[in-house]
Amino acid sequence: MTSKGDSGVRCYQITLILGNAMIACLGITLSAMCIFFLTDQSNIYTMVYEGGNDSIFRGTWIGLFTGLAYFCTSILGMYCIMKSKRILLLVYILLMVFIFCFETASCITAITHGDYFVPNMFLKQMLRRYNKPLPEAMPSSLDEIYMTSGITHSWNRFMTEKQCCGVYGPQDWVNYSSEFRLQNLDADFPWPRQCCQQDAQGQLTNLNACKIGVNPFLSTRGCFDFMGGPLQRQAWGVGWFGFAIQCWTFVVIIGAIYYYVKLD
């Protein structure tokens with residue numbers, strides 16, 4: 001591949017340009033997926049942060065920036081291939097390899113951390129944090145206040161909006177010791193009022209029936225499917241889509257390196 005005007009060389013250039021155009025499209029799509037994940041549609045970040053598994057959000061931030069970097073660098077690559085200048089091609093190849101390494105780290109983080117969001121993680125967190133009073137003798141740290149109030153608020157919202165109760169079901173509040181049970185007698189109220197059916201005005205339909213667990217006045221479905229389920233699916237989507245991009249990008253990088261080596 002010594003003559004830039006050869007038809008074979010031109011075809012190879014066009015192939016590399018189309019490959020980079022595909023990377024640009026995939027990079028923008030990846031960034032859009034990461035933005036959707038980071039907007040936290042399920043409002044679950046507080047729970048993830050308290051569980052010490054917020055690395056998945058950091059990995060998604062990396063995916064967001066690598067997606068944008070792929071878009072910009074692939075456009076540079078198309079220009080470099082059209083101009084066929086060795087120094088520009090070298091810069092392009094080095095940038096792509098650098099971005100490739102970061103995106104690989106992002107994909108691994110998203111996929112491995114997606115398996116951490118199991119029901120027992122949310123159950124332990126709920127029992128320990130929900131309705132926990134802040135100590136009066138000494139001021140709580142801002143982090144403690146943020147986690148306790150945030151988790152209580154998140155659970156109230158989930159149980160009210162999704163008409164669910166606990167992680168596995170309302171029996172979670174009865175079968176295990178919790179901060180909620182320390183603050184409320186079982187005879188008075190065995191589970192939070194958010195587990196009870198509400199009317200359009202937000203008023204409890206039948207409080208007494210809910211107390212004794214009469215269906216449908218008590219939500220009997222657990223909330224895990226509305227918490228961990230979407231989080232796992234989004235994490236896997238970002239991770240495996242990123243790996244698909246990596247496979248395509250690897251082929252394009254190898255093609256660009258070959259073109260660089262053969263270019264006069």
# chains A, B, ... in the order shown; residues from 1 in each chain; ligands from 1

$ residues_around --residues "region 212-226 of chain A" --least-positions-apart "3" --cutoff "8 Å" --atoms "only C-alpha atoms" --output "PyMOL selection string"
chain A and resi 42+119+122+158-159+162-170+195-197+205-209+229-230

$ select_by_dssp --residues "region 53-264 of chain A" --states "helix (DSSP H, G or I)" --output "count of residues only"
145

$ atom_distance --atom1 "CA of Asp40 (chain A)" --atom2 "CA of Thr104 (chain A)"
22.6 Å

$ closest_residue --among "A:Leu89, A:Phe180, A:Met147, A:Ala244" --to "Leu76 (chain A)" --atoms "only C-alpha atoms"
A:Leu89

$ residues_around --residues "Thr15 (chain A)" --least-positions-apart "5" --cutoff "12 Å" --atoms "only C-alpha atoms" --output "VMD selection string"
chain A and resid 8 to 10 20 to 22 78 81 to 82 251 to 252 255 to 256 259

$ write_last_selection --atoms "C-alpha atoms" --output "PDB file, in the first residue's frame"
ATOM      1  CA  GLY A   8      -7.268  -0.639  -3.671  1.00  0.00           C
ATOM      2  CA  VAL A   9      -5.937   2.008  -1.304  1.00  0.00           C
ATOM      3  CA  ARG A  10      -8.990   4.179  -1.871  1.00  0.00           C
ATOM      4  CA  ASN A  20     -14.976   5.275  12.132  1.00  0.00           C
ATOM      5  CA  ALA A  21     -18.396   6.631  11.177  1.00  0.00           C
ATOM      6  CA  MET A  22     -19.911   3.590  12.875  1.00  0.00           C
ATOM      7  CA  MET A  78     -11.835  10.095   9.231  1.00  0.00           C
ATOM      8  CA  ILE A  81      -7.386   8.787   6.819  1.00  0.00           C
ATOM      9  CA  MET A  82      -8.505  11.152   4.072  1.00  0.00           C
ATOM     10  CA  VAL A 251     -10.994  -4.166  14.429  1.00  0.00           C
ATOM     11  CA  VAL A 252     -10.913  -0.538  13.263  1.00  0.00           C
ATOM     12  CA  GLY A 255      -7.005  -1.647  10.373  1.00  0.00           C
ATOM     13  CA  ALA A 256      -5.728   1.865  11.102  1.00  0.00           C
ATOM     14  CA  TYR A 259      -2.731   1.458   7.107  1.00  0.00           C
TER      15      TYR A 259
END

$ residues_around --residues "Trp61 (chain A)" --least-positions-apart "6" --cutoff "10 Å" --atoms "only C-alpha atoms" --output "short mmCIF file (atom, residue, chain, number, x, y, z; two decimals) with all heavy atoms, in the first residue's frame"
data_model
loop_
_atom_site.label_atom_id
_atom_site.label_comp_id
_atom_site.auth_asym_id
_atom_site.auth_seq_id
_atom_site.Cartn_x
_atom_site.Cartn_y
_atom_site.Cartn_z
N SER A 31 -23.13 7.19 25.07
CA SER A 31 -23.26 8.35 25.96
C SER A 31 -24.72 8.57 26.35
O SER A 31 -25.02 8.89 27.51
CB SER A 31 -22.71 9.61 25.27
OG SER A 31 -21.31 9.51 25.07
N CYS A 34 -25.63 6.05 28.98
CA CYS A 34 -25.02 6.40 30.27
C CYS A 34 -25.75 7.57 30.92
O CYS A 34 -25.93 7.58 32.15
CB CYS A 34 -23.54 6.73 30.08
SG CYS A 34 -22.51 5.30 29.63
N ILE A 35 -26.16 8.55 30.12
CA ILE A 35 -26.90 9.69 30.66
C ILE A 35 -28.22 9.21 31.26
O ILE A 35 -28.62 9.64 32.35
CB ILE A 35 -27.15 10.73 29.56
CG1 ILE A 35 -25.84 11.43 29.19
CG2 ILE A 35 -28.18 11.77 30.02
CD1 ILE A 35 -25.95 12.35 27.99
N PHE A 37 -28.84 6.28 32.52
CA PHE A 37 -28.51 5.58 33.75
C PHE A 37 -28.20 6.57 34.87
O PHE A 37 -28.66 6.42 36.00
CB PHE A 37 -27.32 4.66 33.52
CG PHE A 37 -26.96 3.80 34.71
CD1 PHE A 37 -27.51 2.55 34.86
CD2 PHE A 37 -26.07 4.26 35.68
CE1 PHE A 37 -27.18 1.75 35.95
CE2 PHE A 37 -25.74 3.48 36.76
CZ PHE A 37 -26.30 2.22 36.91
N LEU A 38 -27.42 7.60 34.56
CA LEU A 38 -26.98 8.55 35.58
C LEU A 38 -28.09 9.48 36.06
O LEU A 38 -27.99 10.06 37.14
CB LEU A 38 -25.81 9.39 35.03
CG LEU A 38 -24.50 8.62 34.81
CD1 LEU A 38 -23.50 9.46 34.04
CD2 LEU A 38 -23.90 8.17 36.14
N SER A 55 -19.65 2.34 42.81
CA SER A 55 -18.64 2.30 41.75
C SER A 55 -19.29 2.14 40.39
O SER A 55 -18.73 2.55 39.37
CB SER A 55 -17.65 1.16 41.99
OG SER A 55 -16.88 1.38 43.15
N GLY A 67 -17.71 7.59 25.49
CA GLY A 67 -18.61 7.64 24.34
C GLY A 67 -18.43 8.93 23.56
O GLY A 67 -18.34 8.92 22.32
N SER A 106 -14.62 0.69 32.15
CA SER A 106 -16.01 1.05 32.41
C SER A 106 -16.94 -0.14 32.24
O SER A 106 -17.83 -0.38 33.06
CB SER A 106 -16.43 2.19 31.47
OG SER A 106 -17.82 2.44 31.56
#

$ closest_residue --among "A:Ile56, A:Thr29, A:Phe71, A:Phe243" --to "Phe117 (chain A)" --atoms "only C-alpha atoms"
A:Ile56

$ closest_residue --among "A:Tyr45, A:Trp240, A:Tyr146, A:Tyr260" --to "Arg58 (chain A)" --atoms "only C-alpha atoms"
A:Tyr45

$ residues_around --residues "Ile44 (chain A)" --least-positions-apart "2" --cutoff "9 Å" --atoms "only C-alpha atoms" --output "PyMOL selection string"
chain A and resi 40-42+46-49+151+154+227-228+231

$ atom_distance --atom1 "CA of Ile108 (chain A)" --atom2 "CA of Glu50 (chain A)"
21.5 Å

$ atom_distance --atom1 "CA of Ile111 (chain A)" --atom2 "CA of Ile62 (chain A)"
13.7 Å

$ closest_residue --among "A:Tyr79, A:Phe250, A:Phe36, A:Trp173" --to "Tyr92 (chain A)" --atoms "only C-alpha atoms"
A:Tyr79

$ decode --residues "region 190-260 of chain A" --atoms "C-alpha atoms" --output "compact mmCIF listing (two decimals), in the first residue's frame"
# COMPACT_ATOMS: atom_id res chain seq x y z
CA PRO A 190 -46.65 -4.12 62.04
CA TRP A 191 -45.50 -2.42 58.80
CA PRO A 192 -45.25 1.15 57.44
CA ARG A 193 -48.44 2.88 56.42
CA GLN A 194 -46.98 3.27 52.92
CA CYS A 195 -47.71 -0.47 52.49
CA CYS A 196 -51.44 0.25 52.70
CA GLN A 197 -53.74 0.92 49.79
CA GLN A 198 -54.40 4.62 49.21
CA ASP A 199 -57.09 6.48 47.34
CA ALA A 200 -56.58 9.21 44.74
CA GLN A 201 -56.16 11.83 47.50
CA GLY A 202 -53.44 9.82 49.22
CA GLN A 203 -55.65 8.74 52.14
CA LEU A 204 -55.56 5.18 53.48
CA THR A 205 -58.50 3.20 52.16
CA ASN A 206 -58.96 0.95 55.20
CA LEU A 207 -56.39 1.31 57.97
CA ASN A 208 -57.69 -1.47 60.22
CA ALA A 209 -57.85 -3.98 57.37
CA CYS A 210 -54.31 -3.08 56.39
CA LYS A 211 -53.09 -3.62 59.96
CA ILE A 212 -54.24 -7.21 59.98
CA GLY A 213 -53.01 -7.88 56.44
CA VAL A 214 -56.27 -8.08 54.50
CA ASN A 215 -55.77 -8.09 50.74
CA PRO A 216 -56.10 -5.80 48.76
CA PHE A 217 -55.82 -3.17 51.49
CA LEU A 218 -52.26 -4.32 52.14
CA SER A 219 -49.70 -4.47 49.33
CA THR A 220 -48.35 -8.01 49.40
CA ARG A 221 -45.80 -7.72 46.60
CA GLY A 222 -42.15 -7.06 47.43
CA CYS A 223 -40.33 -4.01 46.08
CA PHE A 224 -37.12 -5.66 44.86
CA ASP A 225 -38.38 -6.00 41.28
CA PHE A 226 -38.78 -2.21 41.15
CA MET A 227 -35.34 -1.55 42.70
CA GLY A 228 -32.68 -4.07 41.83
CA GLY A 229 -34.31 -5.29 38.62
CA PRO A 230 -34.11 -2.04 36.60
CA LEU A 231 -30.68 -1.26 38.05
CA GLN A 232 -29.27 -4.64 36.99
CA ARG A 233 -30.79 -4.40 33.51
CA GLN A 234 -29.41 -0.92 32.93
CA ALA A 235 -25.97 -1.89 34.22
CA TRP A 236 -25.86 -4.94 31.97
CA GLY A 237 -27.08 -2.89 29.03
CA VAL A 238 -24.35 -0.27 29.45
CA GLY A 239 -21.68 -2.93 30.06
CA TRP A 240 -22.44 -5.31 27.22
CA PHE A 241 -23.19 -2.57 24.71
CA GLY A 242 -19.81 -1.09 25.63
CA PHE A 243 -18.14 -4.45 24.99
CA ALA A 244 -19.83 -4.65 21.59
CA ILE A 245 -18.40 -1.24 20.75
CA GLN A 246 -14.98 -2.42 21.95
CA CYS A 247 -15.04 -5.39 19.57
CA TRP A 248 -15.81 -3.16 16.60
CA THR A 249 -13.31 -0.50 17.68
CA PHE A 250 -10.56 -3.12 18.07
CA VAL A 251 -10.99 -4.17 14.43
CA VAL A 252 -10.91 -0.54 13.26
CA ILE A 253 -7.79 0.21 15.34
CA ILE A 254 -6.00 -2.81 13.85
CA GLY A 255 -7.00 -1.65 10.37
CA ALA A 256 -5.73 1.87 11.10
CA ILE A 257 -2.42 0.50 12.41
CA TYR A 258 -1.99 -1.59 9.25
CA TYR A 259 -2.73 1.46 7.11
CA TYR A 260 -0.23 3.51 9.12
